[in-house]
Every structure is written in structure tokens, then in C-alpha cells.
file model.cif (mmCIF, C-alpha atoms and all ligand atoms)
data_protein
loop_
_atom_site.label_atom_id
_atom_site.label_comp_id
_atom_site.auth_asym_id
_atom_site.auth_seq_id
_atom_site.Cartn_x
_atom_site.Cartn_y
_atom_site.Cartn_z
CA MET A 183 59.21 75.96 161.74
CA SER A 184 59.44 79.47 163.19
CA ALA A 185 62.40 81.77 162.58
CA SER A 186 63.61 81.48 166.20
CA ALA A 187 63.88 77.67 166.03
CA ARG A 188 67.40 76.37 166.45
CA ALA A 189 67.17 72.58 166.60
CA SER A 190 68.72 70.72 163.75
CA ILE A 191 66.11 68.55 162.06
CA ILE A 192 66.87 64.83 161.90
CA ASP A 193 65.62 63.92 158.43
CA GLY A 194 64.42 60.34 158.87
CA LYS A 195 63.00 60.22 155.36
CA ALA A 196 66.37 61.00 153.78
CA PHE A 197 68.23 58.65 156.15
CA ALA A 198 65.74 55.83 155.43
CA GLU A 199 66.13 56.37 151.67
CA GLY A 200 69.90 56.06 152.02
CA LEU A 201 69.51 52.90 154.13
CA ARG A 202 67.12 51.38 151.60
CA GLY A 203 69.64 52.15 148.85
CA ARG A 204 72.39 50.33 150.79
CA ILE A 205 70.02 47.41 151.43
CA GLY A 206 69.27 47.23 147.68
CA GLU A 207 73.00 47.09 146.91
CA GLU A 208 73.51 44.35 149.51
CA VAL A 209 70.59 42.34 148.08
CA ALA A 210 72.10 42.61 144.57
CA ARG A 211 75.47 41.42 145.94
CA LEU A 212 73.89 38.46 147.75
CA ARG A 213 72.09 37.41 144.59
CA GLU A 214 75.19 37.75 142.44
CA GLU A 215 77.74 36.18 144.78
CA HIS A 216 75.60 33.62 146.61
CA GLY A 217 72.44 33.11 144.52
CA LEU A 218 70.48 34.27 147.58
CA THR A 219 67.31 36.37 147.27
CA PRO A 220 66.05 37.45 150.71
CA GLY A 221 62.30 36.86 151.01
CA LEU A 222 59.75 38.50 153.33
CA ALA A 223 56.29 37.03 153.94
CA ALA A 224 53.56 39.27 155.32
CA VAL A 225 50.44 37.77 156.88
CA LEU A 226 47.28 39.80 157.26
CA VAL A 227 44.08 38.57 158.93
CA GLY A 228 40.78 40.39 158.44
CA GLU A 229 39.85 43.71 156.85
CA ASN A 230 41.61 46.44 158.88
CA PRO A 231 42.16 49.27 156.32
CA ALA A 232 45.22 50.72 158.12
CA SER A 233 46.82 47.25 158.29
CA GLU A 234 46.10 46.67 154.60
CA ILE A 235 47.94 49.92 153.73
CA TYR A 236 50.91 48.99 155.97
CA VAL A 237 51.19 45.53 154.43
CA ARG A 238 50.90 46.88 150.88
CA ASN A 239 53.62 49.48 151.57
CA LYS A 240 55.90 46.86 153.13
CA GLY A 241 55.41 44.62 150.07
CA ARG A 242 56.26 47.46 147.67
CA ALA A 243 59.35 48.44 149.66
CA THR A 244 60.48 44.79 149.75
CA GLU A 245 60.23 44.47 145.96
CA ALA A 246 61.86 47.88 145.41
CA ALA A 247 64.90 46.59 147.35
CA GLY A 248 65.10 43.58 145.00
CA MET A 249 63.80 41.08 147.55
CA ALA A 250 61.03 38.52 147.19
CA SER A 251 57.72 39.55 148.73
CA PHE A 252 55.04 37.02 149.70
CA SER A 253 51.62 38.14 150.87
CA HIS A 254 49.01 36.03 152.66
CA HIS A 255 45.59 37.41 153.45
CA LEU A 256 43.26 35.34 155.61
CA ALA A 257 39.58 36.16 156.16
CA ALA A 258 38.53 37.77 159.44
CA GLU A 259 36.82 34.47 160.40
CA ALA A 260 40.01 32.42 159.94
CA THR A 261 40.68 30.30 163.03
CA GLU A 262 43.78 30.50 165.19
CA ALA A 263 44.64 26.95 164.04
CA GLU A 264 44.52 28.04 160.38
CA LEU A 265 46.82 30.99 161.08
CA LEU A 266 49.22 28.82 163.08
CA ALA A 267 49.30 26.27 160.24
CA LEU A 268 50.19 29.05 157.77
CA VAL A 269 52.95 30.39 160.06
CA GLU A 270 54.39 26.88 160.45
CA ARG A 271 54.38 26.43 156.66
CA LEU A 272 56.27 29.73 156.26
CA ASP A 273 58.71 28.66 159.02
CA ARG A 274 59.62 25.65 156.84
CA ASP A 275 59.70 27.51 153.47
CA PRO A 276 63.35 28.07 152.45
CA ALA A 277 62.40 30.99 150.15
CA VAL A 278 61.00 32.88 153.17
CA HIS A 279 63.67 34.42 155.44
CA GLY A 280 61.44 36.85 157.31
CA ILE A 281 57.85 36.53 158.55
CA LEU A 282 55.70 39.34 159.80
CA VAL A 283 52.19 38.85 161.13
CA GLN A 284 50.47 42.21 160.99
CA LEU A 285 48.96 43.23 164.34
CA PRO A 286 46.34 43.73 165.63
CA LEU A 287 44.80 40.31 165.05
CA PRO A 288 41.04 39.64 165.39
CA ALA A 289 39.98 39.22 169.04
CA HIS A 290 39.49 35.43 168.79
CA ILE A 291 43.19 34.90 167.99
CA ASP A 292 45.86 35.01 170.71
CA PRO A 293 48.67 37.27 169.40
CA VAL A 294 51.23 35.79 171.82
CA ARG A 295 50.60 32.23 170.60
CA VAL A 296 51.02 33.41 167.00
CA THR A 297 54.18 35.44 167.70
CA GLU A 298 55.69 32.45 169.49
CA ALA A 299 54.92 30.20 166.49
CA VAL A 300 57.21 32.26 164.24
CA ASP A 301 60.72 30.77 164.00
CA PRO A 302 62.92 33.22 166.01
CA ALA A 303 65.42 33.17 163.11
CA LYS A 304 62.65 34.54 160.81
CA ASP A 305 61.09 36.88 163.39
CA VAL A 306 61.94 40.15 161.60
CA ASP A 307 59.63 42.13 163.91
CA GLY A 308 61.78 41.03 166.87
CA PHE A 309 58.73 40.18 168.97
CA HIS A 310 59.46 36.49 169.75
CA LEU A 311 60.43 35.91 173.39
CA VAL A 312 63.78 34.46 172.27
CA ASN A 313 64.63 37.73 170.51
CA VAL A 314 63.26 39.80 173.41
CA GLY A 315 65.51 37.79 175.73
CA ARG A 316 68.56 38.22 173.50
CA LEU A 317 68.06 41.99 173.41
CA ALA A 318 67.54 42.13 177.19
CA THR A 319 70.64 40.07 177.96
CA GLY A 320 72.93 41.27 175.16
CA ALA A 321 73.20 37.75 173.72
CA PRO A 322 74.25 37.78 170.05
CA GLY A 323 72.20 36.57 167.09
CA GLY A 324 68.90 38.26 167.86
CA LEU A 325 66.61 40.37 165.70
CA VAL A 326 65.70 43.80 167.10
CA PRO A 327 62.24 45.45 166.80
CA CYS A 328 62.22 47.81 163.82
CA THR A 329 60.93 51.10 165.26
CA PRO A 330 63.38 51.33 168.20
CA GLN A 331 66.21 50.14 165.93
CA GLY A 332 65.34 53.01 163.56
CA CYS A 333 65.31 55.50 166.46
CA LEU A 334 68.75 54.30 167.56
CA MET A 335 70.19 54.68 164.06
CA LEU A 336 68.87 58.26 163.85
CA LEU A 337 70.31 59.09 167.28
CA LYS A 338 73.76 57.73 166.39
CA HIS A 339 73.63 59.56 163.08
CA ALA A 340 72.89 62.84 164.90
CA LEU A 341 75.09 62.42 167.98
CA GLY A 342 77.77 59.82 167.25
CA SER A 343 78.54 58.00 170.49
CA LEU A 344 75.69 57.90 173.01
CA GLU A 345 77.94 56.69 175.85
CA GLY A 346 77.18 58.14 179.27
CA LYS A 347 74.23 60.21 178.07
CA ARG A 348 71.16 60.56 180.24
CA ALA A 349 68.23 59.15 178.23
CA LEU A 350 64.52 59.08 178.96
CA VAL A 351 62.09 56.83 177.12
CA LEU A 352 58.49 57.97 177.48
CA GLY A 353 56.38 54.81 177.12
CA ARG A 354 56.97 51.17 178.11
CA SER A 355 55.24 49.16 175.40
CA ASN A 356 56.75 45.87 174.28
CA ILE A 357 57.12 47.09 170.69
CA VAL A 358 58.68 50.52 171.30
CA GLY A 359 59.43 51.67 174.87
CA LYS A 360 61.00 48.57 176.42
CA PRO A 361 63.22 47.58 173.45
CA MET A 362 64.23 51.24 173.04
CA ALA A 363 65.35 51.35 176.68
CA ALA A 364 67.32 48.10 176.20
CA LEU A 365 69.06 49.47 173.09
CA LEU A 366 70.02 52.72 174.83
CA LEU A 367 71.33 50.78 177.83
CA ALA A 368 73.45 48.66 175.48
CA GLU A 369 74.89 51.96 174.15
CA ASN A 370 75.90 52.79 177.74
CA CYS A 371 73.30 55.48 178.28
CA THR A 372 71.83 56.03 181.74
CA VAL A 373 68.21 55.17 181.02
CA THR A 374 64.95 56.18 182.67
CA VAL A 375 61.67 54.67 181.48
CA ALA A 376 58.63 56.86 182.12
CA HIS A 377 54.97 55.84 181.82
CA SER A 378 51.47 56.84 182.88
CA ARG A 379 52.23 56.44 186.60
CA THR A 380 55.47 58.44 186.52
CA ARG A 381 55.45 61.36 188.97
CA GLU A 382 56.76 64.79 187.92
CA LEU A 383 57.01 63.68 184.31
CA ALA A 384 57.94 67.13 182.95
CA ALA A 385 60.86 67.39 185.39
CA GLU A 386 62.02 63.84 184.55
CA CYS A 387 61.98 64.69 180.84
CA ALA A 388 63.81 67.97 181.40
CA ARG A 389 66.85 66.09 182.78
CA ALA A 390 67.26 63.98 179.64
CA GLU A 391 69.94 64.62 177.03
CA ILE A 392 68.11 62.09 174.84
CA LEU A 393 64.31 62.02 174.91
CA VAL A 394 62.40 59.34 173.01
CA ALA A 395 58.66 60.02 173.11
CA ALA A 396 56.43 56.97 172.49
CA ALA A 397 53.27 57.57 174.48
CA GLY A 398 50.68 57.94 171.71
CA ARG A 399 49.43 61.30 173.05
CA ALA A 400 49.29 64.17 170.57
CA ARG A 401 51.81 66.97 171.36
CA MET A 402 51.99 66.06 175.08
CA VAL A 403 55.71 66.89 175.40
CA LYS A 404 55.97 70.67 175.69
CA GLY A 405 58.93 72.95 175.05
CA ASP A 406 59.63 73.44 178.76
CA TRP A 407 59.85 69.64 179.25
CA ILE A 408 62.99 69.60 177.13
CA LYS A 409 66.56 70.13 178.27
CA PRO A 410 68.20 72.80 176.10
CA GLY A 411 70.25 71.08 173.40
CA ALA A 412 68.68 67.64 173.93
CA ALA A 413 68.13 65.17 171.08
CA VAL A 414 64.38 64.53 170.75
CA ILE A 415 63.06 61.48 168.90
CA ASP A 416 59.31 61.59 168.36
CA VAL A 417 57.84 58.13 167.74
CA GLY A 418 54.21 59.21 168.13
CA ILE A 419 51.79 59.07 165.22
CA ASN A 420 48.54 60.77 166.17
CA ARG A 421 45.72 61.91 163.93
CA VAL A 422 44.30 65.31 164.93
CA GLU A 423 41.73 67.54 163.31
CA ALA A 424 43.24 70.74 161.88
CA ALA A 425 41.50 74.15 161.78
CA ASP A 426 40.30 73.46 158.22
CA GLY A 427 38.51 70.30 159.40
CA ARG A 428 40.99 67.95 157.70
CA THR A 429 42.99 65.45 159.73
CA ARG A 430 46.75 65.66 159.97
CA LEU A 431 49.46 63.60 161.63
CA VAL A 432 51.27 64.97 164.67
CA GLY A 433 53.75 63.41 167.06
CA ASP A 434 53.85 63.10 170.86
CA VAL A 435 56.03 66.22 170.97
CA ASP A 436 54.82 69.79 170.44
CA PHE A 437 57.23 70.29 167.54
CA ASP A 438 57.05 74.09 167.23
CA GLU A 439 57.81 74.60 170.94
CA ALA A 440 60.38 71.80 171.18
CA ALA A 441 62.34 72.88 168.10
CA LYS A 442 63.16 76.16 169.87
CA VAL A 443 64.84 74.29 172.76
CA ALA A 444 66.16 70.97 171.47
CA GLY A 445 69.52 70.48 169.76
CA HIS A 446 68.19 67.81 167.38
CA ILE A 447 64.61 66.77 166.69
CA THR A 448 62.70 64.41 164.39
CA PRO A 449 59.63 65.77 162.59
CA VAL A 450 56.30 63.93 162.23
CA PRO A 451 55.81 62.84 159.53
CA GLY A 452 59.24 62.27 158.00
CA GLY A 453 61.17 61.27 161.12
CA VAL A 454 60.90 57.84 162.73
CA GLY A 455 58.07 56.56 160.50
CA PRO A 456 60.13 55.90 157.33
CA MET A 457 62.83 54.17 159.42
CA THR A 458 60.48 51.40 160.55
CA ILE A 459 60.02 49.86 157.09
CA ALA A 460 63.71 50.38 156.23
CA CYS A 461 64.69 48.47 159.40
CA LEU A 462 62.22 45.69 158.53
CA LEU A 463 64.02 45.25 155.20
CA ARG A 464 67.38 45.38 156.98
CA ASN A 465 66.25 42.66 159.44
CA THR A 466 65.11 40.50 156.51
CA VAL A 467 68.54 40.76 154.85
CA ILE A 468 70.27 39.99 158.18
CA ALA A 469 67.95 36.98 158.71
CA ALA A 470 68.60 35.71 155.16
CA CYS A 471 72.38 35.94 155.62
CA ARG A 472 72.26 34.04 158.92
CA GLN A 473 70.00 31.31 157.47
CA ALA A 474 72.47 30.92 154.58
CA GLY A 475 75.43 30.69 157.00
CA LEU A 476 76.86 34.05 155.82
CA PRO A 477 78.20 36.81 158.10
CA ASP A 478 75.87 39.65 159.08
CA PRO A 479 75.85 42.34 156.37
CA GLY A 480 77.35 45.73 157.28
CA ILE A 481 74.20 47.76 156.63
P1 LIG A 501 51.15 51.95 173.62
O1 LIG A 501 51.30 50.48 173.57
O2 LIG A 501 49.81 52.57 173.74
O3 LIG A 501 52.06 52.47 174.85
C1 LIG A 501 52.03 53.81 175.24
C2 LIG A 501 52.91 53.99 176.44
O4 LIG A 501 52.87 55.37 176.80
C3 LIG A 501 52.48 53.21 177.66
O5 LIG A 501 53.62 52.67 178.30
C4 LIG A 501 51.79 54.25 178.54
O6 LIG A 501 51.96 54.04 179.93
C5 LIG A 501 52.51 55.51 178.16
N1 LIG A 501 51.64 56.67 178.30
C6 LIG A 501 50.42 56.86 177.73
N2 LIG A 501 49.91 58.05 178.14
C7 LIG A 501 50.81 58.58 178.97
C8 LIG A 501 50.84 59.79 179.72
N3 LIG A 501 49.84 60.66 179.68
N4 LIG A 501 51.91 60.03 180.49
C9 LIG A 501 52.93 59.16 180.55
N5 LIG A 501 52.97 58.00 179.86
C10 LIG A 501 51.91 57.73 179.09
O7 LIG A 501 51.83 52.64 172.34
P2 LIG A 501 53.02 52.16 171.37
O8 LIG A 501 52.57 51.03 170.55
O9 LIG A 501 54.29 52.05 172.14
O10 LIG A 501 53.11 53.44 170.43
C11 LIG A 501 53.41 54.72 170.94
C12 LIG A 501 53.24 55.75 169.84
O11 LIG A 501 54.17 55.45 168.80
C13 LIG A 501 51.88 55.74 169.15
O12 LIG A 501 51.56 57.06 168.75
C14 LIG A 501 52.10 54.88 167.92
O13 LIG A 501 51.20 55.21 166.86
C15 LIG A 501 53.50 55.27 167.57
N6 LIG A 501 54.24 54.24 166.81
C16 LIG A 501 54.92 54.68 165.72
C17 LIG A 501 55.66 53.79 164.99
C18 LIG A 501 56.43 54.30 163.80
O14 LIG A 501 56.75 53.53 162.90
N7 LIG A 501 56.79 55.58 163.76
C19 LIG A 501 55.70 52.44 165.33
C20 LIG A 501 55.03 52.02 166.48
C21 LIG A 501 54.30 52.95 167.21
P3 LIG A 501 51.36 52.75 180.73
O15 LIG A 501 52.23 51.60 180.36
O16 LIG A 501 51.48 53.13 182.15
O17 LIG A 501 49.94 52.59 180.25
#

call {"tool": "encode", "arguments": {"input": "model.cif", "output": "C-alpha cells"}}
result
Amino acid sequence: MSASARASIIDGKAFAEGLRGRIGEEVARLREEHGLTPGLAAVLVGENPASEIYVRNKGRATEAAGMASFSHHLAAEATEAELLALVERLDRDPAVHGILVQLPLPAHIDPVRVTEAVDPAKDVDGFHLVNVGRLATGAPGGLVPCTPQGCLMLLKHALGSLEGKRALVLGRSNIVGKPMAALLLAENCTVTVAHSRTRELAAECARAEILVAAAGRARMVKGDWIKPGAAVIDVGINRVEAADGRTRLVGDVDFDEAAKVAGHITPVPGGVGPMTIACLLRNTVIAACRQAGLPDPGI
């Protein structure tokens, strides 16, 4: 970061490490006091190298927190019926409290049918329509998608109360943009959702005291799109080629420009990314407590 930068950096890596530590302590308490070991099952179909890395990392993080990790890898040719049968078996398995089916799935499998087959109580990705509906209506007992939940935790850590703040979410996907907007609304923000058809996008962004960028476009948010002092959460993960020919990860925000204007900003990498897995573990512990009839843990 340049010498003139003034934004305070929101260290998602450090926050996620702290959260994972608290989750580990809660898991140890559940085992000791209730004989309960939260279990997460990950299902992977086919040979997508990025998905294999994600699933491996999730498995390691699950074990590091003291939870049980179950991994199921089906061949790329597996039928939808085979995958549905596996999901239904996991739905019934009492050692499994959370189920995640790694997306994307091969083209011959309908992701909606698979997501809907997961028991909503075990849907730790928060993608089942029952959980989407609970988030949208404010009904209790739902599980919230991990990436927006992680963004919200970082925002509250940086700002405290978000009440009354003008927030803009750039992107309207079902996994990030829409649940993020619902979470901010539930915190009593005034929320705008921007997307590819939004007119005067830079001016819309420049009004926001909270800007969450989730468009998947490398460095599209420039310094002059940002309201001075705003909190900027950069969800984007984009691979770009650097001057030396190697690839590096950048966000949807032009960090060097934005850090000179914003009040708080997440870096990429080391911002939102580490929060996603930590929130997946948190959802698994919450799901395990509910399935055991225990109160939600305070993590
Ligand atoms: P997505 O499904 O591709 O959605 C992108 C959204 O951005 C869409 O709503 C799209 O608008 C909008 N958009 C695209 N280009 C735009 C433009 N030029 N101007 C205005 N809006 C534009 O992406 P996603 O799954 O939400 O992911 C977004 C980014 O977050 C990606 O970089 C992804 O890799 C990253 N991500 C990170 C994590 C993490 O753990 N850190 C997790 C999930 C995703 P339309 O709806 O009009 O097409």
C-alpha cells in the first residue's frame, strides 16, 4: 500500500483465525459436555481441480477444528440419481450434521434438484429454498450462506452497528449478492443492489457508506467510485497476469486507489476469502447443536 493510503485494513485472515479458534473451543465443549462431535460431509462430482482444492481445504479445516470430516467423490459420469441417493443417505446419517455439495456440478446434473434434496437442517451452504426463504423473511432457524455471513461479520467488527447506513451491494447472485443484501437489510441498512444493467454505477457506488463488491470483474471499482471514509468489502477473486507473466489474485476493487479514499477496506487475498471456510465450520456447529436440541452456540 502506498504511503498516502489512509484506509484501515480489515484483516479477514486474522479474524477468521480467531473465529476458527472459538469454533474449536465450542467443538471441544460440545464433545465434553454432550458427547456431540459435529460432522461435515463434502460431496464432489467429477475432476474439477479448483473444486478438489476447495474440498480438500474444507476437510482439513474441519478436522483442525476437532470436527468429523466425511468426503465423497463421485466420478464425472455419475448419474443425477446416484448423487441424489448419496445426498439422501447423508440426510439420514446421524453422524453428519452438515452437507455441502461442491458446485459447479457436471452439466447433466441439475444443481437445483440436488440442492433441494439436502435436508434444510443440514444445508450448511444456506442454498436450500427453505433457508433462502428464512433469510428473506427474517424467520428464525435458518442457515445463512457462508461468504455473505463472513462479509457481515467483518463489517460489524470494523463498524459496530450498521443501523441506518447506506449500503450498496454490487452483484445479485444467489450465493453472494442477494443474501448479502438481505443480511444488510436485517441490520437496518438502506440497501441498493447494483448489477450489469445498473445505470450510473460509479455514482451509485459513490453514495454508499458500505460497499460490497461481488461482480467478478478484476479491479472494476475505482477510487473515485468510493465515498470518502466508506467501508469497502471486496468479495471478488480474479486471476490476472502480472508484469512478470505469473498469475496473481486481485479483487473487484482497485485496492491501491480505493485504500486512499475508503475508511476501511478488505484486501485480496486475506480479506473475505478466509471467512468463507470459517463460516462453513460455524454453520456446521450451529446445525449440530440444533439437531441435538441444544441452543445455538454464541460463536
Ligand atoms: P456471479 O454469479 O457471476 O455474479 C456476478 C454479479 O455481478 C451479477 O449479478 C452481475 O450482474 C454483476 N456484474 C457483472 N459484471 C458487472 C458489471 N460490469 N457491472 C455491474 N455488475 C456486474 O458471481 P458470484 O458467484 O456472485 O461471485 C462474485 C465474485 O465473488 C467472483 O469474483 C467470485 O470469484 C467471488 N467469490 C468469492 C468468494 C469468497 O469466498 N471470497 C465466494 C464466492 C464468490 P447480472 O446479474 O446483471 O449479470

call {"tool": "residues_near_ligand", "arguments": {"input": "model.cif", "ligand": "ligand LIG 501 (chain A)", "cutoff": "8 Å", "atoms": "all atoms listed in the file", "output": "number ranges by chain"}}
result
A: 328-329, 352-359, 376-380, 383, 395-400, 402, 416-420, 433-434, 453-459

call {"tool": "residues_near_point", "arguments": {"input": "model.cif", "point": "(38.0, 45.5, 160.1)", "cutoff": "12 Å", "atoms": "all atoms listed in the file", "output": "ChimeraX atom specification"}}
result
/A:226-234,257-259,285-289

call {"tool": "closest_residue", "arguments": {"input": "model.cif", "among": "A:Leu201, A:Ala196, A:Ile392, A:Cys387", "to": "Ile481 of chain A", "atoms": "all atoms listed in the file"}}
result
A:Leu201

call {"tool": "residues_around", "arguments": {"input": "model.cif", "residues": "Val467 of chain A", "least_positions_apart": "5", "cutoff": "10 Å", "atoms": "all atoms listed in the file", "output": "PDB file with C-alpha atoms, keeping the file's coordinate frame"}}
result
ATOM      1  CA  ILE A 205      70.020  47.410 151.430  1.00  0.00           C
ATOM      2  CA  GLY A 206      69.270  47.230 147.680  1.00  0.00           C
ATOM      3  CA  GLU A 208      73.510  44.350 149.510  1.00  0.00           C
ATOM      4  CA  VAL A 209      70.590  42.340 148.080  1.00  0.00           C
ATOM      5  CA  LEU A 212      73.890  38.460 147.750  1.00  0.00           C
ATOM      6  CA  LEU A 218      70.480  34.270 147.580  1.00  0.00           C
ATOM      7  CA  THR A 219      67.310  36.370 147.270  1.00  0.00           C
ATOM      8  CA  PRO A 220      66.050  37.450 150.710  1.00  0.00           C
ATOM      9  CA  GLY A 221      62.300  36.860 151.010  1.00  0.00           C
ATOM     10  CA  LEU A 222      59.750  38.500 153.330  1.00  0.00           C
ATOM     11  CA  MET A 249      63.800  41.080 147.550  1.00  0.00           C
ATOM     12  CA  HIS A 279      63.670  34.420 155.440  1.00  0.00           C
ATOM     13  CA  GLY A 280      61.440  36.850 157.310  1.00  0.00           C
ATOM     14  CA  VAL A 306      61.940  40.150 161.600  1.00  0.00           C
ATOM     15  CA  CYS A 461      64.690  48.470 159.400  1.00  0.00           C
ATOM     16  CA  LEU A 462      62.220  45.690 158.530  1.00  0.00           C
ATOM     17  CA  ARG A 472      72.260  34.040 158.920  1.00  0.00           C
ATOM     18  CA  GLN A 473      70.000  31.310 157.470  1.00  0.00           C
ATOM     19  CA  ASP A 478      75.870  39.650 159.080  1.00  0.00           C
ATOM     20  CA  PRO A 479      75.850  42.340 156.370  1.00  0.00           C
ATOM     21  CA  ILE A 481      74.200  47.760 156.630  1.00  0.00           C
TER      22      ILE A 481
END

call {"tool": "atom_distance", "arguments": {"input": "model.cif", "atom1": "atom CA of Gly452 of chain A", "atom2": "atom CA of Val435 of chain A"}}
result
13.9 Å

call {"tool": "atom_distance", "arguments": {"input": "model.cif", "atom1": "atom CA of Ala277 of chain A", "atom2": "atom CA of Leu476 of chain A"}}
result
15.8 Å

call {"tool": "decode", "arguments": {"input": "model.cif", "residues": "segment 297-313 of chain A", "atoms": "N, CA, C and O atoms", "output": "short mmCIF file (atom, residue, chain, number, x, y, z; two decimals), in the first residue's frame"}}
result
data_model
loop_
_atom_site.label_atom_id
_atom_site.label_comp_id
_atom_site.auth_asym_id
_atom_site.auth_seq_id
_atom_site.Cartn_x
_atom_site.Cartn_y
_atom_site.Cartn_z
N THR A 297 -29.57 -29.42 -4.68
CA THR A 297 -29.62 -28.51 -3.52
C THR A 297 -30.91 -28.74 -2.73
O THR A 297 -30.90 -28.73 -1.49
N GLU A 298 -32.00 -28.96 -3.44
CA GLU A 298 -33.29 -29.15 -2.77
C GLU A 298 -33.39 -30.51 -2.08
O GLU A 298 -34.28 -30.73 -1.26
N ALA A 299 -32.49 -31.44 -2.46
CA ALA A 299 -32.51 -32.78 -1.83
C ALA A 299 -31.82 -32.76 -0.46
O ALA A 299 -32.03 -33.65 0.36
N VAL A 300 -30.98 -31.75 -0.24
CA VAL A 300 -30.29 -31.65 1.05
C VAL A 300 -31.30 -31.25 2.13
O VAL A 300 -32.11 -30.33 1.91
N ASP A 301 -31.29 -31.94 3.26
CA ASP A 301 -32.15 -31.57 4.38
C ASP A 301 -31.84 -30.11 4.77
O ASP A 301 -30.68 -29.80 5.06
N PRO A 302 -32.83 -29.21 4.79
CA PRO A 302 -32.54 -27.80 5.14
C PRO A 302 -31.80 -27.66 6.46
O PRO A 302 -30.99 -26.75 6.62
N ALA A 303 -32.02 -28.59 7.40
CA ALA A 303 -31.34 -28.51 8.70
C ALA A 303 -29.84 -28.81 8.56
O ALA A 303 -29.06 -28.45 9.43
N LYS A 304 -29.44 -29.48 7.46
CA LYS A 304 -28.03 -29.83 7.24
C LYS A 304 -27.41 -28.99 6.12
O LYS A 304 -26.26 -29.21 5.73
N ASP A 305 -28.18 -28.04 5.60
CA ASP A 305 -27.77 -27.24 4.43
C ASP A 305 -26.82 -26.12 4.87
O ASP A 305 -27.19 -24.95 4.94
N VAL A 306 -25.55 -26.48 5.16
CA VAL A 306 -24.61 -25.51 5.73
C VAL A 306 -24.14 -24.47 4.70
O VAL A 306 -23.50 -23.49 5.08
N ASP A 307 -24.46 -24.68 3.43
CA ASP A 307 -24.19 -23.63 2.43
C ASP A 307 -25.31 -22.58 2.43
O ASP A 307 -25.14 -21.51 1.84
N GLY A 308 -26.45 -22.92 3.00
CA GLY A 308 -27.58 -21.98 3.03
C GLY A 308 -28.22 -21.75 1.67
O GLY A 308 -28.81 -20.69 1.43
N PHE A 309 -28.14 -22.76 0.79
CA PHE A 309 -28.68 -22.58 -0.57
C PHE A 309 -30.08 -23.15 -0.76
O PHE A 309 -30.74 -22.88 -1.76
N HIS A 310 -30.55 -24.00 0.19
CA HIS A 310 -31.88 -24.60 0.04
C HIS A 310 -32.95 -23.49 0.10
O HIS A 310 -32.82 -22.53 0.85
N LEU A 311 -34.02 -23.68 -0.69
CA LEU A 311 -35.04 -22.63 -0.76
C LEU A 311 -35.67 -22.33 0.60
O LEU A 311 -36.07 -21.18 0.85
N VAL A 312 -35.72 -23.31 1.48
CA VAL A 312 -36.24 -23.06 2.83
C VAL A 312 -35.34 -22.07 3.56
O VAL A 312 -35.83 -21.13 4.21
N ASN A 313 -34.03 -22.24 3.43
CA ASN A 313 -33.12 -21.31 4.11
C ASN A 313 -33.09 -19.95 3.41
O ASN A 313 -32.96 -18.91 4.07
#
